[in-house]
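Asker: Structure file coords_1.pdb (PDB, C-alpha atoms) right here:
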ATOM      1  CA  MET A 234     144.984 109.164 129.741
ATOM      2  CA  SER A 235     147.599 111.903 129.834
ATOM      3  CA  GLU A 236     147.371 114.964 127.578
ATOM      4  CA  ALA A 237     150.435 113.791 125.628
ATOM      5  CA  GLU A 238     148.876 110.356 125.097
ATOM      6  CA  GLU A 239     145.602 111.944 123.934
ATOM      7  CA  GLN A 240     147.500 114.155 121.477
ATOM      8  CA  ASN A 241     149.402 111.137 120.181
ATOM      9  CA  GLU A 242     146.164 109.183 119.648
ATOM     10  CA  GLY A 243     144.683 112.144 117.803
ATOM     11  CA  LEU A 244     147.728 112.278 115.581
ATOM     12  CA  VAL A 245     147.419 108.549 114.820
ATOM     13  CA  CYS A 246     143.767 109.046 113.854
ATOM     14  CA  ALA A 247     144.639 111.953 111.557
ATOM     15  CA  ILE A 248     147.299 109.845 109.811
ATOM     16  CA  LEU A 249     144.941 106.874 109.508
ATOM     17  CA  ALA A 250     142.242 109.136 108.026
ATOM     18  CA  GLU A 251     144.699 110.281 105.345
ATOM     19  CA  GLN A 252     145.684 106.689 104.602
ATOM     20  CA  VAL A 253     142.086 105.500 104.246
ATOM     21  CA  ALA A 254     141.396 108.504 101.985
ATOM     22  CA  ILE A 255     144.285 107.430  99.727
ATOM     23  CA  LEU A 256     142.942 103.869  99.747
ATOM     24  CA  ARG A 257     139.454 105.137  98.821
ATOM     25  CA  ASP A 258     140.835 107.201  95.949
ATOM     26  CA  ARG A 259     142.787 104.180  94.692
ATOM     27  CA  MET A 260     139.532 102.233  94.671
ATOM     28  CA  ASP A 261     138.382 104.441  91.799
ATOM     29  CA  ALA A 262     137.501 101.982  89.055
ATOM     30  CA  SER A 263     135.799 104.375  86.650
ATOM     31  CA  GLU A 264     138.220 103.510  83.816
ATOM     32  CA  ALA A 265     137.476  99.787  84.201
ATOM     33  CA  PHE A 266     133.730 100.447  84.250
ATOM     34  CA  ASP A 267     134.025 102.754  81.263
ATOM     35  CA  LEU A 268     135.778  99.943  79.369
ATOM     36  CA  LEU A 269     133.037  97.501  80.389
ATOM     37  CA  TRP A 270     130.323  99.846  79.110
ATOM     38  CA  GLN A 271     132.260 100.486  75.898
ATOM     39  CA  THR A 272     132.556  96.716  75.353
ATOM     40  CA  SER A 273     128.841  96.322  75.983
ATOM     41  CA  ALA A 274     128.039  99.123  73.522
ATOM     42  CA  LEU A 275     130.372  97.544  70.947
ATOM     43  CA  LEU A 276     128.671  94.157  71.349
ATOM     44  CA  SER A 277     125.302  95.842  70.917
ATOM     45  CA  TRP A 278     126.554  97.494  67.718
ATOM     46  CA  LEU A 279     127.954  94.158  66.425
ATOM     47  CA  ALA A 280     124.666  92.360  67.109
ATOM     48  CA  GLY A 281     122.812  95.140  65.233
ATOM     49  CA  LEU A 282     125.246  94.851  62.335
ATOM     50  CA  LEU A 283     124.737  91.084  62.114
ATOM     51  CA  ILE A 284     120.942  91.543  62.180
ATOM     52  CA  ASP A 285     121.240  94.075  59.307
ATOM     53  CA  ILE A 286     123.430  91.691  57.318
ATOM     54  CA  ASP A 287     120.978  88.882  58.010
ATOM     55  CA  GLN A 288     118.088  90.957  56.689
ATOM     56  CA  HIS A 289     119.769  92.399  53.610
ATOM     57  CA  LEU A 290     121.828  89.542  52.231
ATOM     58  CA  PRO A 291     120.153  86.761  50.291
ATOM     59  CA  ARG A 292     120.050  83.504  52.221
ATOM     60  CA  THR A 293     122.072  81.463  49.761
ATOM     61  CA  ASN A 294     123.774  79.447  52.464
ATOM     62  CA  PRO A 295     121.382  78.177  55.181
ATOM     63  CA  LEU A 296     124.304  77.084  57.370
ATOM     64  CA  LEU A 297     125.775  80.595  57.334
ATOM     65  CA  GLY A 298     122.373  82.074  58.185
ATOM     66  CA  LYS A 299     122.034  79.700  61.148
ATOM     67  CA  GLU A 300     125.523  80.604  62.359
ATOM     68  CA  ARG A 301     124.705  84.325  62.113
ATOM     69  CA  GLU A 302     121.600  83.768  64.244
ATOM     70  CA  GLU A 303     123.624  81.833  66.826
ATOM     71  CA  ALA A 304     126.264  84.567  66.895
ATOM     72  CA  ILE A 305     123.589  87.261  67.418
ATOM     73  CA  ALA A 306     122.037  85.241  70.286
ATOM     74  CA  LYS A 307     125.432  84.707  71.947
ATOM     75  CA  ILE A 308     126.486  88.351  71.571
ATOM     76  CA  THR A 309     123.148  89.512  73.020
ATOM     77  CA  SER A 310     123.434  87.083  75.949
ATOM     78  CA  ILE A 311     127.019  88.123  76.762
ATOM     79  CA  ARG A 312     126.073  91.801  76.501
ATOM     80  CA  HIS A 313     123.225  91.311  78.991
ATOM     81  CA  GLN A 314     125.542  89.447  81.374
ATOM     82  CA  LEU A 315     128.141  92.199  81.009
ATOM     83  CA  ASP A 316     125.548  94.909  81.709
ATOM     84  CA  HIS A 317     124.333  93.004  84.740
ATOM     85  CA  LEU A 318     127.851  92.423  86.096
ATOM     86  CA  ALA A 319     128.959  96.021  85.542
ATOM     87  CA  PHE A 320     125.825  97.492  87.118
ATOM     88  CA  PHE A 321     126.066  95.202  90.137
ATOM     89  CA  GLN A 322     129.792  95.839  90.589
ATOM     90  CA  ALA A 323     129.277  99.590  90.260
ATOM     91  CA  GLN A 324     126.791  99.483  93.136
ATOM     92  CA  ARG A 325     129.116  97.349  95.297
ATOM     93  CA  HIS A 326     131.945  99.746  94.481
ATOM     94  CA  ASP A 327     129.774 102.696  95.482
ATOM     95  CA  PHE A 328     128.877 101.003  98.757
ATOM     96  CA  ALA A 329     132.569 100.329  99.556
ATOM     97  CA  ARG A 330     133.349 103.995  98.823
ATOM     98  CA  GLN A 331     130.603 105.121 101.213
ATOM     99  CA  ILE A 332     131.958 102.872 103.986
ATOM    100  CA  ALA A 333     135.442 104.347 103.402
ATOM    101  CA  ASP A 334     133.930 107.865 103.612
ATOM    102  CA  CYS A 335     132.346 106.949 106.936
ATOM    103  CA  ILE A 336     135.659 105.640 108.351
ATOM    104  CA  ILE A 337     137.498 108.764 107.169
ATOM    105  CA  THR A 338     134.930 111.070 108.781
ATOM    106  CA  ALA A 339     135.088 109.110 112.051
ATOM    107  CA  LEU A 340     138.907 109.167 112.116
ATOM    108  CA  GLU A 341     138.977 112.892 111.297
ATOM    109  CA  ARG A 342     136.648 113.586 114.195
ATOM    110  CA  LEU A 343     138.816 111.465 116.468
ATOM    111  CA  SER A 344     141.926 113.326 115.385
ATOM    112  CA  SER A 345     143.321 116.093 117.526
ATOM    113  CA  ALA A 346     142.259 118.712 114.982
ATOM    114  CA  GLN A 347     138.529 118.083 115.452
ATOM    115  CA  MET A 348     138.320 116.523 118.897
ATOM    116  CA  PRO A 349     138.234 119.220 121.571
ATOM    117  CA  GLU A 350     140.053 118.274 124.756
ATOM    118  CA  GLY A 351     137.911 116.359 127.219
ATOM    119  CA  THR A 352     135.322 115.246 124.651
ATOM    120  CA  ARG A 353     134.811 111.662 123.514
ATOM    121  CA  PHE A 354     133.655 109.980 120.329
ATOM    122  CA  ALA A 355     131.097 107.308 121.250
ATOM    123  CA  SER A 356     129.837 104.377 119.202
ATOM    124  CA  ALA A 357     126.524 106.252 118.819
ATOM    125  CA  ASP A 358     128.445 109.109 117.144
ATOM    126  CA  LEU A 359     129.871 106.580 114.711
ATOM    127  CA  ALA A 360     126.414 105.105 114.053
ATOM    128  CA  ALA A 361     125.154 108.570 113.125
ATOM    129  CA  LEU A 362     127.505 108.540 110.126
ATOM    130  CA  TYR A 363     126.120 105.357 108.566
ATOM    131  CA  VAL A 364     124.457 105.414 105.173
ATOM    132  CA  SER A 365     123.021 101.917 105.028
ATOM    133  CA  ASP A 366     121.282  99.291 107.101
ATOM    134  CA  ASP A 367     124.144  96.888 106.398
ATOM    135  CA  GLN A 368     126.471  99.170 108.342
ATOM    136  CA  ARG A 369     123.967  99.463 111.195
ATOM    137  CA  ARG A 370     123.514  95.687 111.347
ATOM    138  CA  LEU A 371     127.287  95.171 111.447
ATOM    139  CA  HIS A 372     127.556  97.793 114.201
ATOM    140  CA  GLU A 373     124.926  95.986 116.304
ATOM    141  CA  ASP A 374     126.591  92.605 115.709
ATOM    142  CA  VAL A 375     129.981  93.915 116.823
ATOM    143  CA  LEU A 376     128.513  95.548 119.946
ATOM    144  CA  LEU A 377     126.709  92.310 120.817
ATOM    145  CA  ARG A 378     129.835  90.229 120.235
ATOM    146  CA  LEU A 379     132.035  92.510 122.348
ATOM    147  CA  GLN A 380     129.488  92.567 125.170
ATOM    148  CA  THR A 381     129.282  88.764 125.298
ATOM    149  CA  GLU A 382     133.048  88.173 125.082
TER     150      GLU A 382
ATOM    151  CA  MET B 211     112.367 110.076  73.775
ATOM    152  CA  PRO B 212     111.601 110.382  77.519
ATOM    153  CA  THR B 213     114.276 111.958  79.711
ATOM    154  CA  ILE B 214     115.448 110.571  83.055
ATOM    155  CA  LEU B 215     117.312 112.842  85.457
ATOM    156  CA  VAL B 216     119.910 110.803  87.390
ATOM    157  CA  LEU B 217     121.462 112.197  90.584
ATOM    158  CA  ASP B 218     124.286 110.388  92.353
ATOM    159  CA  ASP B 219     127.575 111.574  93.848
ATOM    160  CA  SER B 220     129.362 108.489  92.533
ATOM    161  CA  ALA B 221     130.686 109.004  88.993
ATOM    162  CA  THR B 222     130.694 105.236  88.516
ATOM    163  CA  MET B 223     127.010 104.985  89.455
ATOM    164  CA  VAL B 224     126.065 107.904  87.182
ATOM    165  CA  MET B 225     127.948 106.227  84.325
ATOM    166  CA  SER B 226     126.340 102.849  85.028
ATOM    167  CA  LEU B 227     122.811 104.192  85.309
ATOM    168  CA  SER B 228     123.250 106.298  82.162
ATOM    169  CA  HIS B 229     124.426 103.269  80.203
ATOM    170  CA  ILE B 230     121.527 101.069  81.339
ATOM    171  CA  LEU B 231     118.913 103.769  80.706
ATOM    172  CA  LYS B 232     120.318 104.931  77.340
ATOM    173  CA  GLY B 233     120.476 101.293  76.255
ATOM    174  CA  ALA B 234     116.753 101.018  76.996
ATOM    175  CA  GLY B 235     115.979 104.071  74.854
ATOM    176  CA  TYR B 236     115.887 106.922  77.371
ATOM    177  CA  ASP B 237     117.612 110.286  77.219
ATOM    178  CA  VAL B 238     119.627 110.880  80.385
ATOM    179  CA  GLU B 239     120.505 114.090  82.229
ATOM    180  CA  THR B 240     122.851 113.782  85.189
ATOM    181  CA  GLY B 241     123.967 115.599  88.325
ATOM    182  CA  MET B 242     126.387 114.784  91.145
ATOM    183  CA  ASN B 243     124.232 116.172  93.968
ATOM    184  CA  GLY B 244     120.845 117.659  94.763
ATOM    185  CA  ARG B 245     122.013 121.209  94.034
ATOM    186  CA  GLU B 246     122.952 120.236  90.465
ATOM    187  CA  GLY B 247     119.596 118.484  90.140
ATOM    188  CA  ILE B 248     117.705 121.643  91.133
ATOM    189  CA  ALA B 249     119.835 123.663  88.680
ATOM    190  CA  LYS B 250     118.845 121.285  85.861
ATOM    191  CA  LEU B 251     115.159 121.636  86.712
ATOM    192  CA  THR B 252     115.278 125.418  86.961
ATOM    193  CA  ASP B 253     117.260 125.543  83.684
ATOM    194  CA  GLY B 254     114.282 123.974  81.942
ATOM    195  CA  VAL B 255     115.064 120.252  81.924
ATOM    196  CA  LYS B 256     111.714 118.453  82.168
ATOM    197  CA  PRO B 257     112.435 114.832  83.033
ATOM    198  CA  SER B 258     109.739 112.168  82.849
ATOM    199  CA  VAL B 259     111.267 110.501  85.929
ATOM    200  CA  ILE B 260     113.921 111.538  88.440
ATOM    201  CA  LEU B 261     116.213 108.890  89.918
ATOM    202  CA  THR B 262     118.109 110.103  92.965
ATOM    203  CA  ASP B 263     120.541 108.838  95.581
ATOM    204  CA  LEU B 264     119.977 109.949  99.191
ATOM    205  CA  ASN B 265     123.470 110.485 100.561
ATOM    206  CA  MET B 266     124.990 113.264  98.486
ATOM    207  CA  PRO B 267     127.087 116.307  99.382
ATOM    208  CA  GLU B 268     125.816 119.932  99.270
ATOM    209  CA  LEU B 269     122.135 119.010  98.973
ATOM    210  CA  ASP B 270     121.158 115.441  99.836
ATOM    211  CA  GLY B 271     118.352 113.409  98.297
ATOM    212  CA  ILE B 272     115.695 114.381 100.849
ATOM    213  CA  GLY B 273     116.602 118.070 100.495
ATOM    214  CA  PHE B 274     116.519 117.755  96.717
ATOM    215  CA  ILE B 275     113.038 116.153  96.742
ATOM    216  CA  LYS B 276     111.695 118.931  98.987
ATOM    217  CA  GLU B 277     113.174 121.648  96.743
ATOM    218  CA  ALA B 278     112.091 119.908  93.527
ATOM    219  CA  ARG B 279     108.489 119.707  94.716
ATOM    220  CA  LYS B 280     108.469 123.513  94.961
ATOM    221  CA  ILE B 281     109.273 123.828  91.236
ATOM    222  CA  PRO B 282     105.964 123.829  89.313
ATOM    223  CA  SER B 283     107.264 121.720  86.393
ATOM    224  CA  ALA B 284     108.558 119.022  88.773
ATOM    225  CA  ARG B 285     105.692 119.049  91.278
ATOM    226  CA  TYR B 286     104.198 115.803  89.967
ATOM    227  CA  THR B 287     107.274 114.234  88.321
ATOM    228  CA  PRO B 288     107.830 110.726  89.708
ATOM    229  CA  ILE B 289     110.928 110.698  91.924
ATOM    230  CA  ILE B 290     112.489 107.299  92.599
ATOM    231  CA  VAL B 291     115.067 106.996  95.348
ATOM    232  CA  LEU B 292     117.948 104.596  94.599
ATOM    233  CA  THR B 293     120.096 104.148  97.679
ATOM    234  CA  THR B 294     121.980 101.798  99.983
ATOM    235  CA  GLU B 295     119.575 102.875 102.729
ATOM    236  CA  SER B 296     116.802 100.348 103.265
ATOM    237  CA  GLY B 297     115.622 101.542 106.659
ATOM    238  CA  GLY B 298     111.970 102.369 107.283
ATOM    239  CA  ARG B 299     112.744 105.713 108.908
ATOM    240  CA  LYS B 300     114.640 107.053 105.883
ATOM    241  CA  ARG B 301     111.978 105.661 103.579
ATOM    242  CA  ASP B 302     109.237 107.456 105.539
ATOM    243  CA  GLU B 303     111.300 110.642 105.484
ATOM    244  CA  ALA B 304     111.722 110.421 101.697
ATOM    245  CA  ARG B 305     108.044 109.669 101.179
ATOM    246  CA  ALA B 306     107.056 112.616 103.385
ATOM    247  CA  ALA B 307     109.357 114.850 101.314
ATOM    248  CA  GLY B 308     107.560 113.762  98.145
ATOM    249  CA  ALA B 309     109.366 110.649  96.833
ATOM    250  CA  SER B 310     107.227 108.396  94.684
ATOM    251  CA  GLY B 311     109.142 105.124  95.074
ATOM    252  CA  TRP B 312     112.202 103.368  96.362
ATOM    253  CA  LEU B 313     114.869 101.011  95.023
ATOM    254  CA  THR B 314     117.528  99.587  97.322
ATOM    255  CA  LYS B 315     121.084  99.099  96.046
ATOM    256  CA  PRO B 316     122.222  96.674  94.838
ATOM    257  CA  ALA B 317     119.327  96.691  92.376
ATOM    258  CA  GLU B 318     119.111  94.503  89.283
ATOM    259  CA  PRO B 319     119.171  96.287  85.898
ATOM    260  CA  ASN B 320     115.866  94.587  85.017
ATOM    261  CA  GLN B 321     114.324  95.768  88.280
ATOM    262  CA  LEU B 322     115.357  99.339  87.515
ATOM    263  CA  LEU B 323     114.107  99.195  83.920
ATOM    264  CA  SER B 324     110.843  97.592  84.965
ATOM    265  CA  VAL B 325     110.137 100.550  87.289
ATOM    266  CA  MET B 326     111.154 103.053  84.584
ATOM    267  CA  LYS B 327     108.976 101.380  81.951
ATOM    268  CA  GLN B 328     105.987 101.434  84.286
ATOM    269  CA  LEU B 329     106.446 105.144  84.936
ATOM    270  CA  CYS B 330     107.373 106.200  81.391
ATOM    271  CA  PRO B 331     107.320 103.609  78.644
ATOM    272  CA  VAL B 332     109.656 104.122  75.687
ATOM    273  CA  LYS B 333     107.606 104.292  72.486
TER     274      LYS B 333
END
Would you put the structure from the file into structure tokens?

Answerer:
Amino acid sequence: MSEAEEQNEGLVCAILAEQVAILRDRMDASEAFDLLWQTSALLSWLAGLLIDIDQHLPRTNPLLGKEREEAIAKITSIRHQLDHLAFFQAQRHDFARQIADCIITALERLSSAQMPEGTRFASADLAALYVSDDQRRLHEDVLLRLQTE
Amino acid sequence: MPTILVLDDSATMVMSLSHILKGAGYDVETGMNGREGIAKLTDGVKPSVILTDLNMPELDGIGFIKEARKIPSARYTPIIVLTTESGGRKRDEARAAGASGWLTKPAEPNQLLSVMKQLCPVK
């Protein structure tokens, strides 16, 4: 590869690194998660309020009492599901962010700014950036697939 | 109310963990990396349990555990690692540094709370 071609490839990597960084920053879902947690906290407060009402008001209408109990059970169930969903999604989101970080670091190293002339970035260098076994497994699968093709 | 110190470089994860733990009756202190965690401990925060990520900037989880174990008040505090890493090598490294346990992301909220309740039950 000529020096000009190498420089051009480095430039492409630097641009791609910037683009992935923008993509990663756009992945920020903290406002959505904050809203989920606020909804969960509100549901918790509502369930507590209904329990208080249930305990302090005389049970003149058995049907109303039964409906209050059903409402409390449903609110509690939805709140638990919401907590579960938000916690799980937050972890998946975090994992996606870490993969994006890894790609950005790799592209930055491949760019002309960080790649001294004559040096190469090998797949083992990429593997050194991984933060999870999922990434390592994927890496091995791709290597195996490319070797057999 | 027992205090849990949560360390993670993801704001979303810190928010999520805080919500789950506060909902279960714990006080929560947070930091975005190991350096902030050490600062909390040296500033006098005495958590009942520390929950830390491994891959963090400035001072990573392993570095944090090593430093924390040098602080007398945190020498025997249970430190649980919560991370995307599930590899044996990293786990051995964390254990050698002084980690007490390990949870792999994605973890279930109940799984997390079960570990916390075993280590420090909320009265």

Asker: Using all atoms listed in the file, I'd like a table of the residues in chain A that come within 7 Å of chain B; for each, show the closest atom pair and its distance in Å rounded to one decimal, ordered by chain and ascending number, as JSON lines.

Answerer:
{"residue": "A:Ser263", "atom": "CA", "partner": "B:Thr222", "partner_atom": "CA", "distance": 5.5}
{"residue": "A:Trp270", "atom": "CA", "partner": "B:His229", "partner_atom": "CA", "distance": 6.9}
{"residue": "A:His317", "atom": "CA", "partner": "B:Pro319", "partner_atom": "CA", "distance": 6.2}
{"residue": "A:Phe320", "atom": "CA", "partner": "B:Ser226", "partner_atom": "CA", "distance": 5.8}
{"residue": "A:Phe321", "atom": "CA", "partner": "B:Pro316", "partner_atom": "CA", "distance": 6.2}
{"residue": "A:Ala323", "atom": "CA", "partner": "B:Met223", "partner_atom": "CA", "distance": 5.9}
{"residue": "A:Gln324", "atom": "CA", "partner": "B:Pro316", "partner_atom": "CA", "distance": 5.6}
{"residue": "A:Arg325", "atom": "CA", "partner": "B:Pro316", "partner_atom": "CA", "distance": 6.9}
{"residue": "A:Asp327", "atom": "CA", "partner": "B:Ser220", "partner_atom": "CA", "distance": 6.5}
{"residue": "A:Val364", "atom": "CA", "partner": "B:Glu295", "partner_atom": "CA", "distance": 6.0}
{"residue": "A:Ser365", "atom": "CA", "partner": "B:Glu295", "partner_atom": "CA", "distance": 4.3}
{"residue": "A:Asp366", "atom": "CA", "partner": "B:Glu295", "partner_atom": "CA", "distance": 5.9}

Asker: Using all atoms listed in the file, find the one residue out of B:Met242, B:Ala304, B:Ile260, B:Ile248 that sits nearest to Thr213 of chain B.

Answerer: B:Ile260

Asker: Specify as a list of chain:residue names each residue included when the PyMOL selection byres ((chain A and resi 330) around 9) is applied to this file.

Answerer: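 Here the PyMOL selection byres ((chain A and resi 330) around 9) matches A:Arg257, A:Asp258, A:Met260, A:Asp261, A:Arg325, A:His326, A:Asp327, A:Phe328, A:Ala329, A:Gln331, A:Ile332, A:Ala333, A:Asp334, A:Cys335, B:Ser220.
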
Asker: Report the distance between atom CA of Leu292 of chain B and atom CA of Gly311 of chain B in Å, rounded to one decimal place.

Answerer: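 Atom CA of Leu292 of chain B sits 8.8 Å away from atom CA of Gly311 of chain B.
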
Asker: How many Å lie between atom CA of Leu376 of chain A and atom CA of Gln240 of chain A, rounded to one decimal?

Answerer: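 Taking atom CA of Leu376 of chain A and atom CA of Gln240 of chain A, their separation equals 26.6 Å.
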
Asker: One decimal, Å: what's the distance from atom CA of Val253 of chain A over to atom CA of Leu362 of chain A, could you say?

Answerer: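 Pair atom CA of Val253 of chain A / atom CA of Leu362 of chain A returns 16.0 Å.
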
Asker: The PyMOL selection byres ((chain B and resi 241) around 8) - which residues does that actually catch in the file I just gave you? List them as a list in words.

Answerer: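 Going through the file, the PyMOL selection byres ((chain B and resi 241) around 8) ends up selecting Leu215, Val216, Leu217, Asp218, Asp219, Glu239, Thr240, Met242, Asn243, Gly244, Glu246 and Gly247 of chain B.
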
Asker: Could you please take those selected residues and save C-alpha atoms as a short mmCIF file (atom, residue, chain, number, x, y, z; two decimals), in the coordinates of the input?

Answerer:
data_model
loop_
_atom_site.label_atom_id
_atom_site.label_comp_id
_atom_site.auth_asym_id
_atom_site.auth_seq_id
_atom_site.Cartn_x
_atom_site.Cartn_y
_atom_site.Cartn_z
CA LEU B 215 117.31 112.84 85.46
CA VAL B 216 119.91 110.80 87.39
CA LEU B 217 121.46 112.20 90.58
CA ASP B 218 124.29 110.39 92.35
CA ASP B 219 127.58 111.57 93.85
CA GLU B 239 120.50 114.09 82.23
CA THR B 240 122.85 113.78 85.19
CA MET B 242 126.39 114.78 91.14
CA ASN B 243 124.23 116.17 93.97
CA GLY B 244 120.84 117.66 94.76
CA GLU B 246 122.95 120.24 90.46
CA GLY B 247 119.60 118.48 90.14
#

Asker: Provide an axis-aligned box for all listed atoms of segment 226-233 of chain B, padding each side by 4 Å; report its centre and its edge lengths in Å to one decimal, as JSON.

Answerer:
{"center_x": 122.6, "center_y": 103.7, "center_z": 80.8, "size_x": 15.4, "size_y": 13.2, "size_z": 17.1}

Asker: Tell me, as a list in words, which residues lie within 9 Å of Leu251 of chain B, counting all atoms listed in the file; anything in the same chain fewer than 3 positions away does not count.

Answerer: Glu246, Gly247, Ile248, Gly254, Val255, Lys256, Pro257, Ala278, Ile281, Ser283 and Ala284 of chain B

Asker: Expanded to explicit residues, what is the PyMOL selection byres ((chain A and resi 268) around 12) for this file, as a ChimeraX atom specification?

Answerer: /A:262-267,269-275,315-316,319 /B:222,225-226,229

Asker: Save the residues we just selected, C-alpha atoms, as an mmCIF file, keeping the file's coordinate frame?

Answerer:
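After the write, out-v7.cif holds the following:
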data_model
loop_
_atom_site.group_PDB
_atom_site.id
_atom_site.type_symbol
_atom_site.label_atom_id
_atom_site.label_comp_id
_atom_site.auth_asym_id
_atom_site.auth_seq_id
_atom_site.Cartn_x
_atom_site.Cartn_y
_atom_site.Cartn_z
ATOM 1 C CA ALA A 262 137.501 101.982 89.055
ATOM 2 C CA SER A 263 135.799 104.375 86.650
ATOM 3 C CA GLU A 264 138.220 103.510 83.816
ATOM 4 C CA ALA A 265 137.476 99.787 84.201
ATOM 5 C CA PHE A 266 133.730 100.447 84.250
ATOM 6 C CA ASP A 267 134.025 102.754 81.263
ATOM 7 C CA LEU A 269 133.037 97.501 80.389
ATOM 8 C CA TRP A 270 130.323 99.846 79.110
ATOM 9 C CA GLN A 271 132.260 100.486 75.898
ATOM 10 C CA THR A 272 132.556 96.716 75.353
ATOM 11 C CA SER A 273 128.841 96.322 75.983
ATOM 12 C CA ALA A 274 128.039 99.123 73.522
ATOM 13 C CA LEU A 275 130.372 97.544 70.947
ATOM 14 C CA LEU A 315 128.141 92.199 81.009
ATOM 15 C CA ASP A 316 125.548 94.909 81.709
ATOM 16 C CA ALA A 319 128.959 96.021 85.542
ATOM 17 C CA THR B 222 130.694 105.236 88.516
ATOM 18 C CA MET B 225 127.948 106.227 84.325
ATOM 19 C CA SER B 226 126.340 102.849 85.028
ATOM 20 C CA HIS B 229 124.426 103.269 80.203
#

Asker: I'd like the neighbourhood of Val325 of chain B as a CSV table (one decimal) with C-alpha atoms, keeping the file's coordinate frame, where a residue qualifies if any of its atoms comes within 10 Å (using all atoms listed in the file), though same-chain residues fewer than 3 positions away should be ignored.

Answerer:
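Output saved as out.csv:
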chain,number,residue,atom,x,y,z
B,290,ILE,CA,112.5,107.3,92.6
B,311,GLY,CA,109.1,105.1,95.1
B,312,TRP,CA,112.2,103.4,96.4
B,313,LEU,CA,114.9,101.0,95.0
B,320,ASN,CA,115.9,94.6,85.0
B,321,GLN,CA,114.3,95.8,88.3
B,322,LEU,CA,115.4,99.3,87.5
B,328,GLN,CA,106.0,101.4,84.3
B,329,LEU,CA,106.4,105.1,84.9
B,330,CYS,CA,107.4,106.2,81.4
B,331,PRO,CA,107.3,103.6,78.6

Asker: Considering all atoms listed in the file, return as a PyMOL selection string whatever protein or nucleic-acid residues lie within 10 Å of Gly308 of chain B, sequence-local ones (same chain, fewer than 6 positions apart) excluded.

Answerer: chain B and resi 272+274-279+285-290+302

Asker: Could you write out that same residue set with C-alpha atoms as a PDB file, in the coordinates of the input?

Answerer:
ATOM      1  CA  ILE B 272     115.695 114.381 100.849  1.00  0.00           C
ATOM      2  CA  PHE B 274     116.519 117.755  96.717  1.00  0.00           C
ATOM      3  CA  ILE B 275     113.038 116.153  96.742  1.00  0.00           C
ATOM      4  CA  LYS B 276     111.695 118.931  98.987  1.00  0.00           C
ATOM      5  CA  GLU B 277     113.174 121.648  96.743  1.00  0.00           C
ATOM      6  CA  ALA B 278     112.091 119.908  93.527  1.00  0.00           C
ATOM      7  CA  ARG B 279     108.489 119.707  94.716  1.00  0.00           C
ATOM      8  CA  ARG B 285     105.692 119.049  91.278  1.00  0.00           C
ATOM      9  CA  TYR B 286     104.198 115.803  89.967  1.00  0.00           C
ATOM     10  CA  THR B 287     107.274 114.234  88.321  1.00  0.00           C
ATOM     11  CA  PRO B 288     107.830 110.726  89.708  1.00  0.00           C
ATOM     12  CA  ILE B 289     110.928 110.698  91.924  1.00  0.00           C
ATOM     13  CA  ILE B 290     112.489 107.299  92.599  1.00  0.00           C
ATOM     14  CA  ASP B 302     109.237 107.456 105.539  1.00  0.00           C
TER      15      ASP B 302
END

Asker: Give as a PyMOL selection string each residue that has an atom at most 8 Å from (114.5, 109.0, 76.4) in the file, counting all atoms listed in the file.

Answerer: chain B and resi 211-214+232+235-238+332
